[in-house]
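*Asks:* Input file: upload37.txt. Contents: compact mmCIF, C-alpha atoms.
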# COMPACT_ATOMS: atom_id res chain seq x y z
CA ASP E 1 -116.39 -29.72 50.67
CA PRO E 2 -112.63 -29.47 49.84
CA MET E 3 -113.38 -27.38 46.75
CA VAL E 4 -115.27 -24.86 48.88
CA LEU E 5 -112.32 -24.72 51.25
CA ASP E 6 -109.99 -23.91 48.38
CA LYS E 7 -112.27 -21.12 47.17
CA SER E 8 -112.35 -19.72 50.70
CA ASP E 9 -108.56 -19.93 50.86
CA ALA E 10 -108.29 -18.09 47.54
CA ARG E 11 -110.60 -15.32 48.75
CA ARG E 12 -108.56 -14.97 51.94
CA ARG E 13 -105.32 -14.72 49.98
CA SER E 14 -106.90 -12.13 47.68
CA MET E 15 -108.05 -10.05 50.66
CA MET E 16 -104.57 -10.20 52.23
CA THR E 17 -102.95 -9.11 48.97
CA THR E 18 -105.42 -6.24 48.54
CA ARG E 19 -104.87 -5.11 52.09
CA THR E 20 -101.09 -5.19 51.66
CA LEU E 21 -101.27 -3.07 48.51
CA LEU E 22 -103.64 -0.55 50.15
CA VAL E 23 -101.25 -0.17 53.06
CA ALA E 24 -98.35 0.30 50.63
CA LEU E 25 -100.28 3.04 48.79
CA LEU E 26 -101.12 4.71 52.11
CA ILE E 27 -97.48 4.72 53.15
CA ASN E 28 -96.43 6.07 49.77
CA ALA E 29 -98.93 8.93 50.09
CA TRP E 30 -97.77 9.58 53.65
CA PHE E 31 -94.14 9.90 52.58
CA ASN E 32 -95.10 12.33 49.84
CA PHE E 33 -95.85 14.87 52.54
CA LEU E 34 -92.37 14.51 54.05
CA PRO E 35 -89.39 16.56 52.93
CA ASP E 36 -87.10 14.79 50.50
CA ALA E 37 -83.77 14.61 52.30
CA ALA E 38 -81.16 13.73 49.68
CA GLY E 39 -83.42 11.19 48.04
CA LEU E 40 -83.95 9.23 51.27
CA GLN E 41 -87.73 9.34 50.85
CA ARG E 42 -87.63 7.70 47.43
CA CYS E 43 -85.10 5.11 48.59
CA ARG E 44 -87.27 4.11 51.55
CA VAL E 45 -90.42 3.84 49.50
CA THR E 46 -88.58 1.80 46.89
CA ALA E 47 -87.22 -0.51 49.61
CA PHE E 48 -90.70 -0.99 51.01
CA PHE E 49 -92.26 -1.84 47.66
CA SER E 50 -89.38 -4.23 46.99
CA SER E 51 -90.15 -5.96 50.28
CA VAL E 52 -93.85 -6.18 49.41
CA SER E 53 -93.01 -7.53 45.97
CA ARG E 54 -90.75 -10.24 47.40
CA THR E 55 -93.43 -11.26 49.90
CA LEU E 56 -96.14 -11.54 47.24
CA LYS E 57 -93.85 -13.47 44.89
CA ALA E 58 -92.89 -15.89 47.67
CA ALA E 59 -96.57 -16.44 48.53
CA SER E 60 -97.32 -17.07 44.87
CA ARG E 61 -94.53 -19.61 44.53
CA HIS E 62 -95.66 -21.39 47.68
CA SER E 63 -99.28 -21.57 46.54
CA THR E 64 -98.35 -23.07 43.17
CA LYS E 65 -96.19 -25.81 44.58
CA ARG E 66 -99.26 -27.98 45.19
CA THR E 67 -101.99 -28.86 42.75
CA LEU E 68 -105.62 -28.04 43.52
CA PRO E 69 -106.50 -31.62 44.59
CA GLU E 70 -103.44 -31.73 46.86
CA ARG E 71 -104.38 -28.44 48.55
CA SER E 72 -107.97 -29.69 48.87
CA ARG E 73 -106.85 -32.78 50.76
CA ILE E 74 -104.62 -30.70 53.03
CA ASN E 75 -107.40 -28.23 53.79
CA ALA E 76 -109.83 -31.05 54.49
CA ARG E 77 -107.43 -32.62 56.97
CA SER E 78 -106.85 -29.26 58.64
CA LEU E 79 -110.57 -28.69 59.03
CA GLN E 80 -111.02 -32.19 60.47
CA ALA E 81 -108.25 -31.51 63.00
CA LEU E 82 -109.90 -28.28 64.10
CA THR E 83 -113.30 -29.93 64.57
CA ASP E 84 -112.12 -33.29 65.90
CA ASP E 85 -113.81 -33.93 69.25
CA SER E 86 -110.95 -36.25 70.22
CA VAL E 87 -108.70 -33.20 70.62
CA PRO E 88 -109.68 -31.57 73.92
CA SER E 89 -109.96 -27.89 74.59
CA PRO E 90 -107.28 -26.60 76.96
CA THR E 91 -108.15 -25.74 80.56
CA SER E 92 -106.17 -24.10 83.34
CA GLN E 93 -105.81 -27.55 84.90
CA ASP E 94 -103.59 -28.68 82.03
CA TYR E 95 -100.67 -26.49 83.11
CA GLU E 96 -99.29 -24.10 85.71
CA ILE E 97 -98.41 -20.45 85.06
CA LYS E 98 -94.96 -19.64 86.37
CA HIS E 99 -92.55 -16.70 86.15
CA TYR E 100 -88.83 -16.07 86.27
CA HIS E 101 -86.58 -13.02 85.89
CA HIS E 102 -83.97 -12.33 83.25
CA LYS E 103 -81.93 -9.10 83.12
CA GLY E 104 -84.74 -7.07 84.64
CA TRP E 105 -87.51 -8.74 82.64
CA LYS E 106 -90.31 -10.69 84.26
CA ILE E 107 -91.01 -13.59 81.90
CA SER E 108 -93.91 -16.06 82.06
CA TYR E 109 -94.14 -19.67 80.97
CA ARG E 110 -96.57 -22.57 81.09
CA TYR E 111 -95.42 -25.69 82.86
CA GLN E 112 -96.93 -29.16 82.91
CA PRO E 113 -95.37 -31.71 85.27
CA ALA E 114 -94.43 -35.11 83.97
CA SER E 115 -96.89 -37.96 84.17
CA PRO E 116 -96.21 -40.52 86.92
CA GLY E 117 -93.39 -42.74 85.77
CA TYR E 118 -92.17 -40.22 83.19
CA GLU E 119 -90.23 -37.92 85.53
CA THR E 120 -86.85 -39.03 84.17
CA PHE E 121 -87.83 -38.68 80.51
CA THR E 122 -86.32 -35.85 78.47
CA PRO E 123 -88.37 -32.66 79.01
CA ILE E 124 -89.79 -30.77 76.04
CA VAL E 125 -89.54 -26.99 75.65
CA PHE E 126 -91.86 -25.23 73.17
CA ILE E 127 -91.13 -21.81 71.63
CA HIS E 128 -94.13 -20.04 70.15
CA PRO E 129 -94.09 -18.19 66.80
CA VAL E 130 -94.03 -14.41 66.62
CA GLY E 131 -96.91 -12.24 65.49
CA ILE E 132 -99.66 -9.98 66.79
CA GLY E 133 -101.12 -11.51 69.96
CA LEU E 134 -99.05 -14.71 69.79
CA ALA E 135 -97.59 -16.10 73.00
CA SER E 136 -97.22 -19.41 74.84
CA TRP E 137 -100.99 -19.99 74.54
CA PHE E 138 -100.14 -21.20 71.02
CA TRP E 139 -99.24 -24.56 72.59
CA ASN E 140 -102.36 -24.89 74.78
CA ARG E 141 -103.92 -27.65 72.70
CA MET E 142 -100.65 -29.55 72.77
CA PHE E 143 -100.71 -29.43 76.56
CA ALA E 144 -104.38 -30.44 76.63
CA SER E 145 -103.71 -33.37 74.30
CA ALA E 146 -100.83 -34.50 76.54
CA SER E 147 -103.15 -34.42 79.57
CA ALA E 148 -105.82 -36.37 77.73
CA ALA E 149 -103.30 -38.98 76.57
CA ALA E 150 -101.92 -39.35 80.10
CA SER E 151 -105.41 -40.07 81.43
CA THR E 152 -105.91 -43.04 79.09
CA ALA E 153 -105.18 -46.52 80.33
CA ASN E 154 -102.33 -47.52 78.03
CA ASP E 155 -98.55 -47.70 78.12
CA ASN E 156 -98.07 -44.86 75.63
CA GLY E 157 -100.20 -42.25 77.39
CA GLY E 158 -97.60 -40.53 79.54
CA HIS E 159 -95.55 -37.44 78.84
CA PRO E 160 -92.41 -35.80 80.24
CA GLU E 161 -92.20 -32.29 81.69
CA LEU E 162 -93.53 -29.69 79.25
CA TYR E 163 -92.49 -26.05 79.11
CA ALA E 164 -93.98 -23.35 76.86
CA VAL E 165 -92.02 -20.16 77.39
CA ASP E 166 -93.12 -16.66 76.47
CA LEU E 167 -90.52 -14.73 74.52
CA ILE E 168 -89.50 -11.38 75.98
CA GLY E 169 -92.31 -8.90 75.37
CA CYS E 170 -95.01 -11.60 75.10
CA GLY E 171 -97.33 -13.14 77.69
CA LEU E 172 -98.58 -9.85 79.15
CA LYS E 173 -101.91 -11.45 80.11
CA LEU E 174 -99.95 -13.89 82.27
CA GLY E 175 -98.18 -11.09 84.12
CA ALA E 176 -95.03 -10.84 82.01
CA ASP E 177 -93.37 -7.52 81.29
CA GLY E 178 -94.15 -5.78 78.03
CA TRP E 179 -91.48 -4.49 75.70
CA ASP E 180 -91.26 -0.85 74.64
CA PRO E 181 -88.54 -0.59 71.98
CA GLN E 182 -88.36 3.16 72.59
CA ALA E 183 -87.32 2.52 76.19
CA ARG E 184 -85.10 -0.54 75.84
CA GLY E 185 -83.51 -2.23 72.87
CA LEU E 186 -83.19 -5.94 72.19
CA PHE E 187 -81.04 -8.04 69.87
CA PHE E 188 -82.76 -10.74 67.84
CA PRO E 189 -82.45 -13.66 68.05
CA LYS E 190 -79.82 -13.25 70.78
CA SER E 191 -82.00 -11.59 73.43
CA TRP E 192 -84.81 -14.12 73.08
CA ALA E 193 -82.31 -17.00 73.18
CA ASP E 194 -80.64 -15.56 76.30
CA GLY E 195 -84.02 -15.36 78.04
CA ILE E 196 -84.63 -19.07 77.40
CA ARG E 197 -81.09 -19.92 78.54
CA THR E 198 -81.90 -18.29 81.87
CA LEU E 199 -85.03 -20.46 82.20
CA TRP E 200 -82.99 -23.56 81.42
CA LYS E 201 -80.41 -22.70 84.09
CA ALA E 202 -83.05 -21.86 86.70
CA GLU E 203 -85.57 -24.64 86.18
CA ILE E 204 -84.77 -27.31 83.59
CA GLN E 205 -81.07 -27.97 84.23
CA ARG E 206 -80.84 -31.09 82.04
CA PRO E 207 -80.89 -31.95 78.33
CA CYS E 208 -84.23 -31.19 76.68
CA VAL E 209 -86.02 -31.43 73.37
CA LEU E 210 -86.56 -27.98 71.87
CA VAL E 211 -89.56 -27.44 69.57
CA VAL E 212 -89.50 -24.18 67.57
CA GLN E 213 -92.30 -22.92 65.34
CA GLY E 214 -92.07 -20.64 62.33
CA ALA E 215 -89.91 -17.55 62.07
CA VAL E 216 -88.28 -18.02 65.49
CA THR E 217 -86.24 -20.90 64.05
CA PRO E 218 -83.04 -18.79 64.48
CA VAL E 219 -83.73 -18.74 68.24
CA GLY E 220 -83.63 -22.54 68.31
CA ILE E 221 -80.46 -22.60 66.24
CA ALA E 222 -78.82 -20.05 68.55
CA LEU E 223 -79.70 -22.18 71.60
CA ALA E 224 -78.38 -25.41 70.11
CA VAL E 225 -74.96 -24.18 68.92
CA ASN E 226 -72.01 -26.04 70.34
CA ASP E 227 -70.12 -22.93 71.45
CA ASP E 228 -70.33 -22.08 75.15
CA VAL E 229 -72.34 -18.93 75.83
CA THR E 230 -72.01 -16.82 78.97
CA VAL E 231 -75.24 -15.38 80.36
CA ASP E 232 -75.24 -13.45 83.65
CA GLY E 233 -71.82 -14.85 84.51
CA ALA E 234 -72.78 -18.51 83.96
CA THR E 235 -71.90 -20.73 81.01
CA PHE E 236 -74.58 -22.31 78.84
CA ASP E 237 -73.46 -25.23 76.68
CA GLY E 238 -75.97 -25.72 73.88
CA SER E 239 -74.53 -29.08 72.85
CA TYR E 240 -75.45 -30.40 76.31
CA ALA E 241 -78.62 -28.45 77.06
CA ILE E 242 -80.38 -29.17 73.75
CA ASP E 243 -80.65 -32.91 73.22
CA SER E 244 -82.83 -32.60 70.08
CA LEU E 245 -84.07 -29.70 67.98
CA VAL E 246 -87.43 -29.84 66.19
CA PHE E 247 -88.46 -27.24 63.57
CA ALA E 248 -92.17 -26.80 62.80
CA SER E 249 -92.83 -24.83 59.58
CA PRO E 250 -89.38 -23.21 59.48
CA PRO E 251 -88.46 -20.51 56.96
CA ILE E 252 -86.70 -21.54 53.76
CA TYR E 253 -82.91 -21.73 53.86
CA ASP E 254 -82.41 -18.57 51.77
CA ASP E 255 -84.39 -16.52 54.30
CA LEU E 256 -82.37 -17.97 57.18
CA SER E 257 -78.97 -17.48 55.55
CA SER E 258 -79.52 -14.02 54.01
CA ALA E 259 -79.40 -10.98 56.25
CA ILE E 260 -82.09 -8.31 55.86
CA PRO E 261 -80.49 -5.00 54.80
CA GLU E 262 -80.18 -2.56 57.69
CA ALA E 263 -81.92 0.17 55.68
CA GLU E 264 -84.94 -2.09 55.18
CA LEU E 265 -85.06 -2.95 58.89
CA SER E 266 -84.88 0.72 59.84
CA PHE E 267 -87.58 1.63 57.36
CA ASN E 268 -89.92 -1.13 58.52
CA TYR E 269 -89.47 -0.13 62.15
CA ASN E 270 -90.18 3.53 61.41
CA VAL E 271 -93.27 2.67 59.39
CA TRP E 272 -94.92 0.12 61.65
CA SER E 273 -94.18 2.09 64.83
CA ASN E 274 -95.89 5.14 63.36
CA PRO E 275 -99.25 5.58 65.18
CA ILE E 276 -101.14 6.49 61.99
CA VAL E 277 -99.99 3.43 60.05
CA SER E 278 -100.36 1.03 62.98
CA SER E 279 -103.90 2.22 63.66
CA VAL E 280 -104.88 1.38 60.08
CA VAL E 281 -103.10 -1.98 59.87
CA PHE E 282 -103.61 -3.32 63.38
Written as structure tokens, how would this file's structure read?

*Replies:*
Amino acid sequence: DPMVLDKSDARRRSMMTTRTLLVALLINAWFNFLPDAAGLQRCRVTAFFSSVSRTLKAASRHSTKRTLPERSRINARSLQALTDDSVPSPTSQDYEIKHYHHKGWKISYRYQPASPGYETFTPIVFIHPVGIGLASWFWNRMFASASAAASTANDNGGHPELYAVDLIGCGLKLGADGWDPQARGLFFPKSWADGIRTLWKAEIQRPCVLVVQGAVTPVGIALAVNDDVTVDGATFDGSYAIDSLVFASPPIYDDLSSAIPEAELSFNYNVWSNPIVSSVVF
């Protein structure tokens, strides 16, 4: 029932909002026990609550853009997609697990060879979104669907080479190196983009279609720029390497074009890396 789905979605949003506010109150109480160094404590707490407020307002604006019937139809289609038996479950036979090295990192990726007759078609590279537990497995069903389509007896069932790369620090279950920010720093999106450039130079070596999901959109933009980029002494030309760039659920333009204040970044890092806070949230 679409109406039931919308009620469930509303309850989930309410729970997320409540959880966010509880975490904010916990952090506020935690900072109250710290010494007030020239007002830094109050500034940090204010910055955090400003960030929470912006997030909640953005979520509210997004949720009101569609009417209830429109959201019902969208939820119904999403549920049908999740339960559709025509979409196969991924298996280890749908791809190969491979590794490469970049500046001391061991990075994993999933690779699916091209279907017979499709070897010369433009390969597709998928970049997964960022978040707790997210990695290249995000694209498993895409790979499984490609395998299923290739097994059908029709002219449109083949697919080119498919790559789903793990960003640096992701894919630990596949044998990739983890990332400890206390031991080694990274630059975002530059470091993630450089890691994918190394994969392109080592394995792909020809123009490809790049599919980027969610908040890692800047990584795709960085890879596709026309300026030549030097990585490990070799030149990477984005205008040649990236034939097409596909954004799936990208951030709004204002979020892409506006830098996050350094004080807010520092505060967020200090908060979420704190073992007390992370144990409650994660």

*Asks:* Applying 12 Å and only C-alpha atoms, which residues near E:Thr217 remain after dropping the ones on its own chain fewer than 3 positions away? List them as a short mmCIF file (atom, residue, chain, number, x, y, z; two decimals) with C-alpha atoms, in the coordinates of the input.

*Replies:*
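Below is the file selection32.cif, written as the result:
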data_model
loop_
_atom_site.label_atom_id
_atom_site.label_comp_id
_atom_site.auth_asym_id
_atom_site.auth_seq_id
_atom_site.Cartn_x
_atom_site.Cartn_y
_atom_site.Cartn_z
CA PHE E 126 -91.86 -25.23 73.17
CA ILE E 127 -91.13 -21.81 71.63
CA HIS E 128 -94.13 -20.04 70.15
CA PRO E 129 -94.09 -18.19 66.80
CA VAL E 130 -94.03 -14.41 66.62
CA PHE E 188 -82.76 -10.74 67.84
CA PRO E 189 -82.45 -13.66 68.05
CA TRP E 192 -84.81 -14.12 73.08
CA ALA E 193 -82.31 -17.00 73.18
CA LEU E 210 -86.56 -27.98 71.87
CA VAL E 211 -89.56 -27.44 69.57
CA VAL E 212 -89.50 -24.18 67.57
CA GLN E 213 -92.30 -22.92 65.34
CA GLY E 214 -92.07 -20.64 62.33
CA GLY E 220 -83.63 -22.54 68.31
CA ILE E 221 -80.46 -22.60 66.24
CA ALA E 222 -78.82 -20.05 68.55
CA LEU E 223 -79.70 -22.18 71.60
CA ALA E 224 -78.38 -25.41 70.11
CA LEU E 245 -84.07 -29.70 67.98
CA VAL E 246 -87.43 -29.84 66.19
CA PHE E 247 -88.46 -27.24 63.57
CA ALA E 248 -92.17 -26.80 62.80
CA SER E 249 -92.83 -24.83 59.58
CA PRO E 250 -89.38 -23.21 59.48
CA PRO E 251 -88.46 -20.51 56.96
CA ILE E 252 -86.70 -21.54 53.76
CA TYR E 253 -82.91 -21.73 53.86
CA ASP E 255 -84.39 -16.52 54.30
CA LEU E 256 -82.37 -17.97 57.18
CA SER E 257 -78.97 -17.48 55.55
#

*Asks:* To one decimal place in Å, what is the distance between atom CA of E:Ile97 and atom CA of E:Tyr111?

*Replies:*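 Atom CA of E:Tyr111 lies 6.4 Å from atom CA of E:Ile97.
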
*Asks:* Write out as a count of residues only the residues lying within 10 Å of stretch 233-244 of chain E, counting only C-alpha atoms and excluding same-chain residues fewer than 5 positions away.

*Replies:* 26

*Asks:* Quick one: pull the distance between atom CA of E:Tyr163 and atom CA of E:Thr230, Å, one decimal.

*Replies:* 22.5 Å

*Asks:* How far is it from atom CA of E:Asn274 to atom CA of E:Ala176, in Å with one decimal?

*Replies:*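 Atom CA of E:Ala176 lies 24.6 Å from atom CA of E:Asn274.
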
*Asks:* Between E:Thr120, E:Asn140, E:Ser108, E:Ser191, single out the one closest to E:Leu174, counting all atoms listed in the file.

*Replies:*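 Checking each candidate against E:Leu174, we get E:Ser108 as the closest.
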
*Asks:* Tell me which protein, DNA and RNA residues are within 7 Å of E:Ile107, counting all atoms listed in the file, leaving out same-chain ones fewer than 6 positions away, and put them as a list in words.

*Replies:*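 My reading of the contact set: His99, Tyr100, His101, Asp166, Ile168, Ala176 and Asp177 of chain E.
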
*Asks:* How about saving the chosen residues, C-alpha atoms kept, as a PDB file, in the coordinates of the input?

*Replies:*
ATOM      1  CA  HIS E  99     -92.550 -16.700  86.150  1.00  0.00           C
ATOM      2  CA  TYR E 100     -88.830 -16.070  86.270  1.00  0.00           C
ATOM      3  CA  HIS E 101     -86.580 -13.020  85.890  1.00  0.00           C
ATOM      4  CA  ASP E 166     -93.120 -16.660  76.470  1.00  0.00           C
ATOM      5  CA  ILE E 168     -89.500 -11.380  75.980  1.00  0.00           C
ATOM      6  CA  ALA E 176     -95.030 -10.840  82.010  1.00  0.00           C
ATOM      7  CA  ASP E 177     -93.370  -7.520  81.290  1.00  0.00           C
TER       8      ASP E 177
END
